[in-house]
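Remarks on the structure that follows.
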Amino acid sequence: MFIDSHCHIGPSNFGDEVDALVERARAAGLTHLIHIGAGGDVSACHEAMELIDRYPEVYCTLGVHPHDVGDGFDATEVLNLVRRLAEHEKVVGIGETGLDYYYDHAPRAAQQRALRQFLELAGELNQPIVFHVRDAYEDFYPIIDDVGLPEAGGVLHCFTGTMSNAMDGLARGLMVSFSGIVTFKSAGDLRTVAEAVPLDRIMVETDCPYLAPVPKRGKKNEPAFVAHTAALIADLRAVDLFEFRFQTARNAQKLFRLPD
């Protein structure tokens, strides 16, 4: 078992390449792909549903990225749609949602409001939640503590924060997921965090089509490339690669309640 715990593989990113992309993922040993159905409107949710119906190994989460909650964002429409679509057995989580103060594409107050709304929805549905957090932990954790995490838990996806940020998440029961960024030469501090996260709380992802890992830098990222990220972290931790791949998959399986 081997899982890409966070990818964006729909036609909106890959056009007519999706069939070939999924086949390359299978050839790389991937058994499950968690597609993140989070865009600025309901079209991302519908695209996600088409993917999970078409490919046996694809599961999805549904939400709205913090970049997309500014002017024109209709929380009521999206929340109601997600509530309905989440009845599908292959919808396995809420998100991504969170706070991004690095780009500030949406007003911070709007991001905070949407985060609260999706946290409440995840609690209502008892679905795990996928968080995107960048340069915003000082506001993120107080909101988490105020609203509360769903009993099903959650994950800090594409983690790039500090050791303290990671430990604060672990203390709240969150998983921590690493993308190809950890393979970059500039990722010394992040690699230290990847070594420190307990083996039963760590996951790997591509966040494709972005952030292709070394040695695929400059290429369009895809799920098969998650093997390079797993290999780098296994080497850092001095653990057997296949054991690490299996353990990260078990962690994702547990969080998203995936079938064997």
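We label chains A, B, ... in the order they appear in the structure tokens, count residues from 1 in each chain, and number ligands from 1 in the order shown.
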
Segment 88-91 of chain A surroundings by only C-alpha atoms, 6 Å radius, close-in-sequence under 6 positions cut, as a list in words =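 Near segment 88-91 of chain A, the qualifying residues are Tyr59, Cys60 and Thr61 of chain A.
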
Find the spatial neighbours of Glu47 of chain A, counting only C-alpha atoms, within a cut-off of 9 Å - ignore same-chain residues fewer than 5 positions away - and output them as a list of chain:residue names.
-> A:Gly10, A:Pro11, A:Ser12, A:Gly37, A:Val42, A:Ile52

May I have the selected residues written with N, CA and C atoms, as an mmCIF file, in the first residue's frame?
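Result saved to selection-v4.cif:
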```cif
data_model
loop_
_atom_site.group_PDB
_atom_site.id
_atom_site.type_symbol
_atom_site.label_atom_id
_atom_site.label_comp_id
_atom_site.auth_asym_id
_atom_site.auth_seq_id
_atom_site.Cartn_x
_atom_site.Cartn_y
_atom_site.Cartn_z
ATOM 1 N N GLY A 10 -7.432 16.701 -11.504
ATOM 2 C CA GLY A 10 -8.553 16.832 -12.427
ATOM 3 C C GLY A 10 -8.162 17.417 -13.770
ATOM 4 N N PRO A 11 -9.070 17.338 -14.745
ATOM 5 C CA PRO A 11 -8.830 17.930 -16.059
ATOM 6 C C PRO A 11 -8.541 19.427 -15.999
ATOM 7 N N SER A 12 -9.008 20.121 -14.978
ATOM 8 C CA SER A 12 -8.718 21.556 -14.870
ATOM 9 C C SER A 12 -7.228 21.815 -14.743
ATOM 10 N N GLY A 37 -10.774 18.366 -3.857
ATOM 11 C CA GLY A 37 -11.774 19.086 -4.639
ATOM 12 C C GLY A 37 -12.071 20.434 -4.031
ATOM 13 N N VAL A 42 -18.340 25.858 -7.022
ATOM 14 C CA VAL A 42 -18.798 24.477 -6.906
ATOM 15 C C VAL A 42 -18.265 23.574 -8.022
ATOM 16 N N ILE A 52 -13.824 10.458 -8.752
ATOM 17 C CA ILE A 52 -13.958 9.301 -7.859
ATOM 18 C C ILE A 52 -14.875 8.242 -8.456
#
```

d(atom CA of Ile202 of chain A, atom CA of Val176 of chain A) in Å | 5.2 Å

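Distance annotation: of A:Asp71, A:Glu57, A:Glu50, A:Glu120, the residue with the minimal separation from Pro223 of chain A is A:Glu57; atom set is only C-alpha atoms.
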
Please report, as CSV, each residue of segment 13-128 of chain A lying at most 12 Å from segment 234-249 of chain A, together with the nearest pair of atoms and the separation in Å rounded to one decimal; use only C-alpha atoms, and order rows by chain and ascending residue number.
```
residue,atom,partner,partner_atom,distance
A:Ala28,CA,A:Arg245,CA,11.8
A:Gly29,CA,A:Arg245,CA,9.9
A:Leu30,CA,A:Ala249,CA,9.4
A:Thr31,CA,A:Ala249,CA,8.9
A:His32,CA,A:Ala249,CA,8.6
A:Leu33,CA,A:Ala249,CA,10.4
A:Ile34,CA,A:Ala249,CA,11.2
```

Can you list, as a PyMOL selection string, every residue of segment 39-167 of chain A that DSSP puts in alpha helix (DSSP H)?
-> chain A and resi 43-54+75-85+108-125+137-147+163-167

Proximity to Pro150 of chain A - best of A:Leu255, A:Ala227, A:Ala122, A:Leu211, only C-alpha atoms =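 Using only C-alpha atoms, the shortest distance to Pro150 of chain A belongs to A:Ala122.
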